[in-house]
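Coordinates as given in protein.cif (mmCIF, C-alpha atoms):
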```
data_coords
#
loop_
_atom_site.label_atom_id
_atom_site.label_comp_id
_atom_site.auth_asym_id
_atom_site.auth_seq_id
_atom_site.Cartn_x
_atom_site.Cartn_y
_atom_site.Cartn_z
CA MET A 1 -89.34 -48.63 -68.97
CA GLU A 2 -88.94 -49.75 -72.58
CA ARG A 3 -85.51 -48.17 -72.71
CA PHE A 4 -84.54 -49.88 -69.46
CA PHE A 5 -85.60 -53.20 -71.01
CA ASP A 6 -83.41 -52.59 -74.07
CA GLU A 7 -80.51 -51.88 -71.73
CA GLU A 8 -81.12 -55.16 -69.93
CA LEU A 9 -81.25 -57.06 -73.22
CA LYS A 10 -77.91 -55.53 -74.19
CA ASN A 11 -76.40 -56.61 -70.88
CA LEU A 12 -77.72 -60.11 -71.42
CA HIS A 13 -76.06 -60.10 -74.83
CA LYS A 14 -72.76 -59.03 -73.25
CA ASP A 15 -72.90 -61.70 -70.57
CA ILE A 16 -73.57 -64.46 -73.08
CA LEU A 17 -70.51 -63.20 -74.98
CA LYS A 18 -68.51 -63.35 -71.75
CA MET A 19 -69.72 -66.91 -71.22
CA ALA A 20 -68.66 -67.75 -74.80
CA VAL A 21 -65.18 -66.32 -74.24
CA MET A 22 -64.79 -68.39 -71.07
CA ALA A 23 -65.89 -71.57 -72.87
CA GLN A 24 -63.54 -70.88 -75.79
CA GLU A 25 -60.62 -70.23 -73.45
CA ALA A 26 -61.34 -73.49 -71.64
CA ILE A 27 -61.16 -75.46 -74.93
CA PHE A 28 -58.00 -73.67 -76.02
CA ARG A 29 -56.24 -74.18 -72.70
CA SER A 30 -57.23 -77.85 -72.39
CA VAL A 31 -55.78 -78.64 -75.83
CA GLU A 32 -52.66 -76.57 -75.04
CA ALA A 33 -52.30 -78.61 -71.85
CA LEU A 34 -52.59 -81.82 -73.89
CA GLN A 35 -49.92 -80.78 -76.39
CA SER A 36 -47.45 -79.47 -73.80
CA ARG A 37 -48.32 -82.21 -71.26
CA ASP A 38 -48.85 -79.44 -68.74
CA ARG A 39 -50.59 -80.69 -65.57
CA GLY A 40 -50.82 -77.17 -64.12
CA GLU A 41 -52.63 -75.84 -67.17
CA ALA A 42 -55.05 -78.80 -67.15
CA GLN A 43 -55.74 -78.27 -63.44
CA GLY A 44 -56.28 -74.57 -64.18
CA VAL A 45 -59.10 -75.39 -66.63
CA ILE A 46 -60.70 -77.67 -64.03
CA ASP A 47 -60.44 -75.01 -61.30
CA THR A 48 -61.86 -72.22 -63.48
CA ASP A 49 -65.02 -74.20 -64.20
CA ASP A 50 -66.70 -72.95 -60.99
CA LYS A 51 -66.70 -69.44 -62.46
CA VAL A 52 -68.32 -70.69 -65.66
CA ASP A 53 -70.99 -72.46 -63.61
CA GLU A 54 -71.68 -69.32 -61.58
CA LEU A 55 -72.07 -67.19 -64.69
CA GLU A 56 -74.41 -69.76 -66.25
CA LEU A 57 -76.71 -69.64 -63.24
CA GLU A 58 -76.59 -65.85 -63.14
CA ILE A 59 -77.56 -65.56 -66.83
CA ASP A 60 -80.29 -68.15 -66.42
CA GLU A 61 -81.78 -66.30 -63.45
CA ARG A 62 -81.57 -63.01 -65.29
CA CYS A 63 -83.47 -64.42 -68.28
CA ILE A 64 -86.32 -65.73 -66.15
CA ASP A 65 -86.42 -62.46 -64.24
CA LEU A 66 -86.51 -60.46 -67.50
CA ILE A 67 -89.44 -62.51 -68.78
CA ALA A 68 -91.29 -62.21 -65.47
CA ARG A 69 -90.84 -58.45 -65.09
CA HIS A 70 -91.15 -57.25 -68.69
CA GLN A 71 -93.40 -59.91 -70.23
CA PRO A 72 -91.74 -59.40 -73.61
CA MET A 73 -93.53 -59.97 -76.91
CA ALA A 74 -92.67 -62.60 -79.55
CA GLY A 75 -89.32 -61.36 -80.95
CA ASP A 76 -87.75 -60.38 -77.63
CA LEU A 77 -89.13 -63.46 -75.89
CA ARG A 78 -87.58 -65.64 -78.59
CA PHE A 79 -84.26 -63.81 -78.17
CA ILE A 80 -84.29 -64.41 -74.40
CA THR A 81 -85.28 -68.09 -74.60
CA THR A 82 -82.60 -68.62 -77.27
CA GLY A 83 -80.13 -66.91 -74.94
CA MET A 84 -81.07 -69.39 -72.20
CA LYS A 85 -80.41 -72.30 -74.52
CA ILE A 86 -77.09 -70.96 -75.78
CA ASN A 87 -76.05 -70.31 -72.19
CA ALA A 88 -76.69 -73.98 -71.32
CA GLU A 89 -74.78 -75.16 -74.42
CA LEU A 90 -71.78 -73.00 -73.49
CA GLU A 91 -71.74 -74.40 -69.97
CA ARG A 92 -71.64 -77.93 -71.42
CA ILE A 93 -68.84 -76.93 -73.78
CA ALA A 94 -66.79 -75.73 -70.80
CA ASP A 95 -67.61 -79.01 -69.00
CA LEU A 96 -66.18 -80.92 -71.98
CA ALA A 97 -62.98 -78.86 -71.73
CA VAL A 98 -62.85 -80.04 -68.11
CA ASP A 99 -63.30 -83.63 -69.34
CA ILE A 100 -60.40 -83.14 -71.77
CA SER A 101 -58.26 -81.72 -68.95
CA GLN A 102 -59.01 -84.74 -66.78
CA ARG A 103 -57.81 -86.99 -69.60
CA VAL A 104 -54.65 -84.81 -69.83
CA LEU A 105 -53.99 -85.46 -66.14
CA GLU A 106 -54.42 -89.22 -66.73
CA LEU A 107 -51.89 -89.06 -69.58
CA ALA A 108 -49.38 -86.73 -67.93
CA ASP A 109 -47.39 -89.40 -66.09
CA LYS A 110 -47.39 -91.92 -68.97
CA PRO A 111 -44.95 -92.01 -71.89
CA VAL A 112 -46.09 -90.32 -75.12
CA LEU A 113 -48.01 -92.75 -77.37
CA LYS A 114 -47.78 -90.90 -80.69
CA PRO A 115 -47.31 -87.42 -82.13
CA LEU A 116 -50.70 -85.69 -82.16
CA ILE A 117 -51.88 -84.53 -85.58
CA ASP A 118 -55.61 -85.14 -86.03
CA ILE A 119 -56.65 -84.26 -82.46
CA PRO A 120 -55.18 -80.71 -82.72
CA LYS A 121 -56.92 -80.43 -86.14
CA LEU A 122 -60.19 -81.48 -84.55
CA SER A 123 -59.69 -78.95 -81.77
CA VAL A 124 -59.25 -76.17 -84.36
CA ILE A 125 -62.55 -77.19 -86.00
CA ALA A 126 -64.22 -77.22 -82.58
CA GLN A 127 -62.93 -73.76 -81.68
CA ASP A 128 -63.90 -72.36 -85.11
CA MET A 129 -67.38 -73.84 -84.85
CA VAL A 130 -67.99 -72.38 -81.39
CA ARG A 131 -66.72 -68.96 -82.56
CA ASP A 132 -68.87 -69.04 -85.72
CA ALA A 133 -71.95 -70.18 -83.79
CA ILE A 134 -71.60 -67.32 -81.31
CA ASP A 135 -70.85 -64.79 -84.07
CA SER A 136 -73.97 -65.95 -85.90
CA PHE A 137 -75.97 -65.25 -82.73
CA ILE A 138 -74.48 -61.77 -82.28
CA GLU A 139 -74.88 -60.81 -85.93
CA LYS A 140 -78.14 -62.75 -86.40
CA ASP A 141 -76.28 -64.23 -89.40
CA VAL A 142 -78.18 -67.25 -90.73
CA ASP A 143 -75.58 -68.05 -93.40
CA LEU A 144 -72.82 -68.28 -90.82
CA ALA A 145 -75.06 -70.44 -88.64
CA LYS A 146 -75.70 -72.79 -91.59
CA LYS A 147 -71.94 -72.98 -92.28
CA THR A 148 -71.47 -74.05 -88.65
CA VAL A 149 -74.08 -76.79 -88.97
CA PHE A 150 -72.38 -78.13 -92.10
CA SER A 151 -68.94 -78.23 -90.44
CA ASP A 152 -70.19 -80.83 -88.00
CA GLN A 153 -69.84 -83.59 -90.58
CA GLU A 154 -66.12 -82.82 -90.93
CA ALA A 155 -65.75 -83.11 -87.17
CA ASP A 156 -67.55 -86.46 -87.15
CA ASN A 157 -65.28 -87.79 -89.88
CA LEU A 158 -62.12 -86.67 -88.11
CA ARG A 159 -63.31 -88.16 -84.81
CA ASN A 160 -63.92 -91.51 -86.57
CA LEU A 161 -60.48 -91.34 -88.17
CA VAL A 162 -58.77 -90.77 -84.81
CA GLN A 163 -60.79 -93.54 -83.21
CA ASP A 164 -60.11 -96.10 -85.96
CA GLU A 165 -56.40 -95.32 -85.92
CA LEU A 166 -56.15 -95.68 -82.14
CA ILE A 167 -58.07 -98.95 -82.11
CA ASN A 168 -56.56 -100.63 -85.19
CA ASP A 169 -53.01 -99.25 -85.32
CA TYR A 170 -52.30 -99.02 -81.61
CA MET A 171 -54.54 -100.96 -79.25
CA ALA A 172 -55.08 -103.95 -81.57
CA LYS A 173 -51.33 -104.23 -82.22
CA ASP A 174 -49.72 -103.36 -78.90
CA PRO A 175 -51.65 -104.43 -75.81
CA SER A 176 -49.69 -102.11 -73.55
CA SER A 177 -50.89 -99.03 -75.46
CA ALA A 178 -54.49 -99.18 -74.19
CA PRO A 179 -54.10 -97.03 -71.04
CA ARG A 180 -52.63 -94.26 -73.23
CA ALA A 181 -54.80 -94.79 -76.30
CA VAL A 182 -58.15 -94.75 -74.49
CA PRO A 183 -57.75 -91.23 -73.03
CA LEU A 184 -56.81 -89.95 -76.52
CA LEU A 185 -59.83 -91.68 -78.02
CA LEU A 186 -62.03 -90.04 -75.37
CA ILE A 187 -60.47 -86.61 -76.02
CA ALA A 188 -61.42 -86.95 -79.70
CA ARG A 189 -64.97 -87.75 -78.61
CA HIS A 190 -65.07 -84.80 -76.17
CA LEU A 191 -63.97 -82.47 -78.98
CA GLU A 192 -66.57 -83.87 -81.34
CA ARG A 193 -69.24 -83.30 -78.71
CA ILE A 194 -68.12 -79.68 -78.43
CA CYS A 195 -68.83 -79.47 -82.17
CA ASP A 196 -72.30 -80.95 -81.53
CA HIS A 197 -73.03 -78.21 -78.98
CA ALA A 198 -71.82 -75.55 -81.45
CA THR A 199 -74.24 -77.09 -83.97
CA ASN A 200 -77.06 -76.86 -81.43
CA ILE A 201 -76.28 -73.16 -80.92
CA ALA A 202 -76.27 -72.53 -84.69
CA GLU A 203 -79.58 -74.35 -85.09
CA ASP A 204 -81.11 -72.26 -82.30
CA VAL A 205 -79.88 -69.09 -84.04
CA ILE A 206 -81.44 -70.13 -87.37
CA TYR A 207 -84.70 -70.74 -85.58
CA MET A 208 -84.52 -67.46 -83.69
CA VAL A 209 -83.97 -65.49 -86.91
CA LYS A 210 -86.17 -67.39 -89.34
CA GLY A 211 -88.68 -68.88 -86.94
CA LYS A 212 -88.07 -72.13 -88.81
CA VAL A 213 -87.24 -75.40 -87.10
CA ILE A 214 -84.16 -77.03 -88.57
CA LYS A 215 -83.11 -78.78 -85.38
CA HIS A 216 -82.90 -82.54 -85.86
CA HIS A 217 -83.26 -81.96 -89.63
CA SER A 218 -79.86 -80.66 -90.61
CA GLY A 219 -79.97 -82.74 -93.79
CA GLU A 220 -82.77 -80.52 -95.07
CA LEU A 221 -80.89 -77.22 -94.77
CA SER A 222 -81.14 -75.10 -97.86
CA MET B 1 -108.91 -67.68 -69.25
CA GLU B 2 -107.21 -68.71 -65.99
CA ARG B 3 -108.90 -72.10 -66.16
CA PHE B 4 -107.79 -72.54 -69.75
CA PHE B 5 -104.23 -71.79 -68.67
CA ASP B 6 -104.41 -74.46 -65.94
CA GLU B 7 -105.63 -76.91 -68.55
CA GLU B 8 -102.65 -76.05 -70.78
CA LEU B 9 -100.23 -76.50 -67.89
CA LYS B 10 -101.72 -79.94 -67.23
CA ASN B 11 -101.28 -80.88 -70.87
CA LEU B 12 -97.68 -79.72 -70.74
CA HIS B 13 -97.20 -81.93 -67.69
CA LYS B 14 -98.66 -84.90 -69.59
CA ASP B 15 -96.47 -84.35 -72.63
CA ILE B 16 -93.30 -84.14 -70.54
CA LEU B 17 -94.35 -87.45 -69.00
CA LYS B 18 -94.83 -88.90 -72.48
CA MET B 19 -91.36 -87.66 -73.41
CA ALA B 20 -89.98 -89.32 -70.24
CA VAL B 21 -91.63 -92.64 -71.11
CA MET B 22 -90.13 -92.52 -74.62
CA ALA B 23 -86.65 -91.78 -73.22
CA GLN B 24 -86.95 -94.59 -70.65
CA GLU B 25 -88.11 -97.06 -73.28
CA ALA B 26 -85.17 -96.09 -75.48
CA ILE B 27 -82.69 -96.85 -72.67
CA PHE B 28 -84.40 -100.13 -71.80
CA ARG B 29 -84.54 -101.30 -75.43
CA SER B 30 -80.93 -100.33 -76.18
CA VAL B 31 -79.64 -102.35 -73.22
CA GLU B 32 -81.94 -105.26 -74.14
CA ALA B 33 -80.48 -105.11 -77.66
CA LEU B 34 -76.98 -105.22 -76.17
CA GLN B 35 -77.69 -108.25 -74.01
CA SER B 36 -79.53 -110.22 -76.70
CA ARG B 37 -77.21 -108.98 -79.49
CA ASP B 38 -80.33 -108.00 -81.39
CA ARG B 39 -79.55 -105.76 -84.38
CA GLY B 40 -83.24 -105.23 -85.15
CA GLU B 41 -83.98 -103.95 -81.67
CA ALA B 42 -80.96 -101.61 -81.80
CA GLN B 43 -82.07 -100.29 -85.20
CA GLY B 44 -85.56 -99.82 -83.76
CA VAL B 45 -84.24 -97.48 -81.06
CA ILE B 46 -82.35 -95.48 -83.71
CA ASP B 47 -85.43 -95.23 -85.95
CA THR B 48 -87.75 -94.17 -83.11
CA ASP B 49 -85.54 -91.19 -82.23
CA ASP B 50 -87.24 -88.99 -84.86
CA LYS B 51 -90.45 -89.20 -82.85
CA VAL B 52 -88.62 -88.14 -79.68
CA ASP B 53 -87.08 -85.19 -81.54
CA GLU B 54 -90.50 -84.12 -82.86
CA LEU B 55 -92.05 -84.23 -79.40
CA GLU B 56 -89.15 -82.23 -77.96
CA LEU B 57 -89.69 -79.44 -80.48
CA GLU B 58 -93.44 -79.51 -79.95
CA ILE B 59 -93.08 -79.17 -76.16
CA ASP B 60 -90.48 -76.43 -76.55
CA GLU B 61 -92.73 -74.45 -78.88
CA ARG B 62 -95.67 -74.91 -76.55
CA CYS B 63 -93.71 -73.58 -73.57
CA ILE B 64 -92.65 -70.41 -75.40
CA ASP B 65 -96.19 -69.95 -76.70
CA LEU B 66 -97.61 -70.40 -73.17
CA ILE B 67 -95.26 -67.75 -71.80
CA ALA B 68 -96.02 -65.36 -74.66
CA ARG B 69 -99.81 -65.68 -74.47
CA HIS B 70 -100.39 -65.96 -70.72
CA GLN B 71 -97.41 -64.07 -69.30
CA PRO B 72 -97.42 -66.25 -66.20
CA MET B 73 -96.22 -65.06 -62.80
CA ALA B 74 -93.26 -66.37 -60.80
CA GLY B 75 -94.38 -69.90 -59.80
CA ASP B 76 -95.97 -70.87 -63.11
CA LEU B 77 -93.16 -69.26 -65.09
CA ARG B 78 -90.64 -71.29 -63.10
CA PHE B 79 -92.65 -74.45 -63.75
CA ILE B 80 -92.68 -73.80 -67.49
CA THR B 81 -88.97 -72.91 -67.76
CA THR B 82 -88.13 -76.02 -65.70
CA GLY B 83 -90.31 -78.03 -68.08
CA MET B 84 -88.28 -76.67 -71.01
CA LYS B 85 -85.05 -77.75 -69.37
CA ILE B 86 -86.32 -81.22 -68.44
CA ASN B 87 -87.59 -81.63 -71.99
CA ALA B 88 -84.08 -80.90 -73.36
CA GLU B 89 -82.49 -83.34 -70.88
CA LEU B 90 -84.90 -86.10 -71.90
CA GLU B 91 -84.09 -85.56 -75.56
CA ARG B 92 -80.39 -85.96 -74.77
CA ILE B 93 -81.10 -89.11 -72.77
CA ALA B 94 -82.88 -90.60 -75.79
CA ASP B 95 -79.90 -89.55 -77.96
CA LEU B 96 -77.59 -91.48 -75.64
CA ALA B 97 -79.81 -94.56 -76.05
CA VAL B 98 -79.25 -94.09 -79.80
CA ASP B 99 -75.48 -93.92 -79.14
CA ILE B 100 -75.69 -97.18 -77.18
CA SER B 101 -77.66 -98.78 -80.03
CA GLN B 102 -74.99 -97.73 -82.53
CA ARG B 103 -72.36 -99.42 -80.37
CA VAL B 104 -74.59 -102.54 -80.27
CA LEU B 105 -74.62 -102.58 -84.09
CA GLU B 106 -70.80 -102.32 -84.08
CA LEU B 107 -70.59 -105.28 -81.70
CA ALA B 108 -73.27 -107.44 -83.31
CA ASP B 109 -71.01 -109.13 -85.89
CA LYS B 110 -68.05 -109.64 -83.53
CA PRO B 111 -67.57 -112.55 -81.10
CA VAL B 112 -68.67 -111.94 -77.48
CA LEU B 113 -65.81 -110.47 -75.40
CA LYS B 114 -67.10 -111.24 -71.91
CA PRO B 115 -70.29 -111.89 -69.99
CA LEU B 116 -71.86 -108.54 -69.10
CA ILE B 117 -72.39 -107.92 -65.39
CA ASP B 118 -71.56 -104.34 -64.44
CA ILE B 119 -72.99 -102.70 -67.59
CA PRO B 120 -76.49 -104.13 -66.96
CA LYS B 121 -76.12 -103.02 -63.31
CA LEU B 122 -75.21 -99.52 -64.50
CA SER B 123 -78.19 -99.52 -66.84
CA VAL B 124 -80.51 -100.35 -63.94
CA ILE B 125 -79.10 -97.39 -61.97
CA ALA B 126 -79.56 -95.16 -65.03
CA GLN B 127 -83.18 -96.23 -65.51
CA ASP B 128 -83.94 -95.83 -61.79
CA MET B 129 -82.37 -92.37 -61.72
CA VAL B 130 -84.38 -91.17 -64.73
CA ARG B 131 -87.59 -92.57 -63.22
CA ASP B 132 -86.90 -90.99 -59.82
CA ALA B 133 -85.96 -87.64 -61.38
CA ILE B 134 -89.22 -87.52 -63.36
CA ASP B 135 -91.27 -88.70 -60.36
CA SER B 136 -89.68 -85.95 -58.27
CA PHE B 137 -90.82 -83.43 -60.91
CA ILE B 138 -94.38 -84.77 -61.00
CA GLU B 139 -94.71 -84.97 -57.22
CA LYS B 140 -92.58 -81.87 -56.55
CA ASP B 141 -90.71 -84.23 -54.19
CA VAL B 142 -87.43 -82.62 -53.09
CA ASP B 143 -86.31 -85.66 -51.06
CA LEU B 144 -86.63 -87.96 -54.06
CA ALA B 145 -84.76 -85.40 -56.18
CA LYS B 146 -81.93 -85.31 -53.62
CA LYS B 147 -81.79 -89.13 -53.59
CA THR B 148 -81.36 -89.00 -57.38
CA VAL B 149 -78.49 -86.52 -57.11
CA PHE B 150 -76.72 -88.74 -54.58
CA SER B 151 -77.06 -91.86 -56.76
CA ASP B 152 -74.85 -90.24 -59.38
CA GLN B 153 -71.72 -91.09 -57.39
CA GLU B 154 -72.58 -94.78 -57.54
CA ALA B 155 -72.95 -94.51 -61.32
CA ASP B 156 -69.56 -92.78 -61.61
CA ASN B 157 -67.89 -95.52 -59.55
CA LEU B 158 -69.42 -98.31 -61.61
CA ARG B 159 -68.45 -96.60 -64.86
CA ASN B 160 -64.84 -96.34 -63.64
CA LEU B 161 -64.89 -100.01 -62.61
CA VAL B 162 -66.07 -101.10 -66.07
CA GLN B 163 -63.53 -98.86 -67.77
CA ASP B 164 -60.58 -100.05 -65.64
CA GLU B 165 -61.52 -103.69 -66.16
CA LEU B 166 -61.80 -103.31 -69.94
CA ILE B 167 -58.50 -101.46 -70.20
CA ASN B 168 -56.40 -103.47 -67.75
CA ASP B 169 -57.88 -106.97 -67.95
CA TYR B 170 -58.76 -107.06 -71.64
CA MET B 171 -57.15 -104.45 -73.91
CA ALA B 172 -53.81 -104.36 -72.07
CA LYS B 173 -53.57 -108.17 -72.12
CA ASP B 174 -55.03 -109.19 -75.46
CA PRO B 175 -54.41 -106.77 -78.33
CA SER B 176 -57.18 -108.30 -80.45
CA SER B 177 -59.81 -107.39 -77.86
CA ALA B 178 -59.73 -103.62 -78.54
CA PRO B 179 -62.39 -103.44 -81.29
CA ARG B 180 -64.82 -105.22 -78.95
CA ALA B 181 -63.70 -103.63 -75.68
CA VAL B 182 -63.90 -100.00 -76.88
CA PRO B 183 -67.63 -100.12 -77.76
CA LEU B 184 -68.36 -101.61 -74.32
CA LEU B 185 -66.28 -98.90 -72.66
CA LEU B 186 -68.24 -96.27 -74.58
CA ILE B 187 -71.57 -97.87 -73.62
CA ALA B 188 -70.58 -97.58 -69.94
CA ARG B 189 -69.82 -93.89 -70.57
CA HIS B 190 -73.13 -93.35 -72.42
CA LEU B 191 -75.00 -94.87 -69.46
CA GLU B 192 -73.13 -92.74 -66.98
CA ARG B 193 -74.00 -89.64 -69.00
CA ILE B 194 -77.67 -90.65 -68.84
CA CYS B 195 -77.22 -90.58 -65.05
CA ASP B 196 -75.72 -87.07 -65.36
CA HIS B 197 -78.80 -85.88 -67.25
CA ALA B 198 -81.07 -87.44 -64.59
CA THR B 199 -79.02 -85.53 -62.01
CA ASN B 200 -79.55 -82.30 -63.97
CA ILE B 201 -83.32 -82.93 -63.96
CA ALA B 202 -83.32 -83.58 -60.20
CA GLU B 203 -81.31 -80.39 -59.58
CA ASP B 204 -83.76 -78.40 -61.69
CA VAL B 205 -86.65 -79.85 -59.64
CA ILE B 206 -85.01 -78.90 -56.33
CA TYR B 207 -84.55 -75.39 -57.64
CA MET B 208 -88.10 -75.20 -58.94
CA VAL B 209 -89.54 -76.25 -55.58
CA LYS B 210 -87.17 -74.53 -53.16
CA GLY B 211 -85.99 -71.65 -55.33
CA LYS B 212 -82.51 -72.61 -54.17
CA VAL B 213 -79.60 -73.18 -56.50
CA ILE B 214 -77.92 -76.51 -55.87
CA LYS B 215 -76.77 -77.02 -59.44
CA HIS B 216 -73.00 -77.36 -59.66
CA HIS B 217 -72.90 -77.67 -55.84
CA SER B 218 -74.16 -81.17 -55.22
CA GLY B 219 -71.59 -81.65 -52.46
CA GLU B 220 -73.45 -79.07 -50.39
CA LEU B 221 -76.82 -80.80 -50.41
CA SER B 222 -78.42 -81.05 -47.00
#
```

Once more with this new file: its structure as structure tokens, please.
Amino acid sequence: MERFFDEELKNLHKDILKMAVMAQEAIFRSVEALQSRDRGEAQGVIDTDDKVDELELEIDERCIDLIARHQPMAGDLRFITTGMKINAELERIADLAVDISQRVLELADKPVLKPLIDIPKLSVIAQDMVRDAIDSFIEKDVDLAKKTVFSDQEADNLRNLVQDELINDYMAKDPSSAPRAVPLLLIARHLERICDHATNIAEDVIYMVKGKVIKHHSGELS
Amino acid sequence: MERFFDEELKNLHKDILKMAVMAQEAIFRSVEALQSRDRGEAQGVIDTDDKVDELELEIDERCIDLIARHQPMAGDLRFITTGMKINAELERIADLAVDISQRVLELADKPVLKPLIDIPKLSVIAQDMVRDAIDSFIEKDVDLAKKTVFSDQEADNLRNLVQDELINDYMAKDPSSAPRAVPLLLIARHLERICDHATNIAEDVIYMVKGKVIKHHSGELS
């Protein structure tokens, strides 16, 4: 029975990893679609989201079922409830990749506004943060989780930079740029929110490992 | 022991309600601050968010502790895990009220762009949806939960209306309007995301009551 439970925990672990890979692919593809102005790729991200949603529900069900059948003690219970939270964060990350893809579709038939520099940079930070957050969960690595939490400030700064540039250098100077600048501004915000979800995952991992609440108190990390 | 457990479930119920009231007040106050251009009120919403965060963590802890100590069976377990999810949604709703308040601070020292009509309308829908979603949880009322899910389309439409108007009638015509139009556009998006979280709550309630997954399949509601 105990052994069977361990097996089920391992499978849960694997499925959360699968969910993470799907979310990471969705981010990667949505930013690829933006850079290559590829409608098909953007539509592909949108279409794949059903599979992400299905896996989220499956993992969620499995967690509740595991708790109900095995009534796990403190450590395992904490691992499962953290898994449920990470699962929900990953689903939202994939949703944000869908949001980005929708913006790509809005932009696809309009002329290019500007060469993209900071948005691809921001997308690299977002992808790194999601990867580090998930690695910190797998390895129970608190230091890596803390690194992820700290990176969020960089993402915020870059998002603000993109936003200020689009508002002051484009929209405020050329009125006709708004329908192209607004989707870019929103994409920067979608990417920054992906970073927020990666931060949430990292905070959950720190709590799972150390049993210490740092959520909502990232300034006090030490 | 059983009676003690029932008492704890009731307290959990009460605290989720308290969390809902705090989230609803945050929305109401942030939109009030927008309409009256009241920096103090906006700052008040931002400052109060620490209390919301604390309560979220407290409820979350309590849920895990309840599961660990009482090892509840199917129905109660489902109630507690739904409570955990609703708790997280309410925290995000309060965060969005903070986002709105930050936009209000950005707008406070700039001249008024336009009289606000659709944004206050959208805020009423958002507040109604949050109230209905929470009521549906308290009353285990599936019909009210379904009504909430359906209202989300109306919120989406109104958000698109606001966005199109700001882009086409303001930013695309008058380049100097962008720094004032963008915060308004973002406020409409923040409000629409509050509606999304209310929808998530309602979907969780339907699942809790009927044991049927409707999440990610709102088109199939019947």

Identify every residue of chain A that has at least one atom within 8 Å of any atom of chain B, counting all atoms listed in the file, and report the result as a PyMOL selection string. chain A and resi 50+53+64+68+71-74+77-78+81+167-168+171-179+182+216

Taking (-65.6, -72.1, -82.2) in the file's coordinates, which residues come within 12 Å, counting only C-alpha atoms, written as a ChimeraX atom specification? /A:20-28,90,93,122-136,144-145,147-149,151-152,191-192,194-199,201-202

Let me know the residues the PyMOL selection byres ((chain A and resi 47) around 12) catches in the file above, as a PDB file with C-alpha atoms, keeping the file's coordinate frame.
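That gives us selection-v9.pdb:
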```pdb
ATOM      1  CA  ALA A  26     -61.340 -73.490 -71.640  1.00  0.00           C
ATOM      2  CA  SER A  30     -57.230 -77.850 -72.390  1.00  0.00           C
ATOM      3  CA  GLY A  40     -50.820 -77.170 -64.120  1.00  0.00           C
ATOM      4  CA  GLU A  41     -52.630 -75.840 -67.170  1.00  0.00           C
ATOM      5  CA  ALA A  42     -55.050 -78.800 -67.150  1.00  0.00           C
ATOM      6  CA  GLN A  43     -55.740 -78.270 -63.440  1.00  0.00           C
ATOM      7  CA  GLY A  44     -56.280 -74.570 -64.180  1.00  0.00           C
ATOM      8  CA  VAL A  45     -59.100 -75.390 -66.630  1.00  0.00           C
ATOM      9  CA  ILE A  46     -60.700 -77.670 -64.030  1.00  0.00           C
ATOM     10  CA  THR A  48     -61.860 -72.220 -63.480  1.00  0.00           C
ATOM     11  CA  ASP A  49     -65.020 -74.200 -64.200  1.00  0.00           C
ATOM     12  CA  ASP A  50     -66.700 -72.950 -60.990  1.00  0.00           C
ATOM     13  CA  LYS A  51     -66.700 -69.440 -62.460  1.00  0.00           C
ATOM     14  CA  VAL A  52     -68.320 -70.690 -65.660  1.00  0.00           C
ATOM     15  CA  ASP A  53     -70.990 -72.460 -63.610  1.00  0.00           C
ATOM     16  CA  ALA A  94     -66.790 -75.730 -70.800  1.00  0.00           C
ATOM     17  CA  ASP A  95     -67.610 -79.010 -69.000  1.00  0.00           C
ATOM     18  CA  ALA A  97     -62.980 -78.860 -71.730  1.00  0.00           C
ATOM     19  CA  VAL A  98     -62.850 -80.040 -68.110  1.00  0.00           C
ATOM     20  CA  SER A 101     -58.260 -81.720 -68.950  1.00  0.00           C
ATOM     21  CA  GLN A 102     -59.010 -84.740 -66.780  1.00  0.00           C
TER      22      GLN A 102
END
```

If the PyMOL selection byres ((chain A and resi 12) around 10) is run on the structure shown, which residues does it catch, given as a PyMOL selection string? chain A and resi 6-11+13-18+59-60+62-63+66+80+83-84

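Taking CA of Leu184 in chain B and CA of Leu107 in chain B as endpoints, the distance between them is 8.5 Å.
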
Test item: residues at most 10 Å from Asp118 in chain A, all atoms listed in the file, excluding those fewer than 3 positions along its chain, as a ChimeraX atom specification: /A:115,121-124,158-159,161-162,188
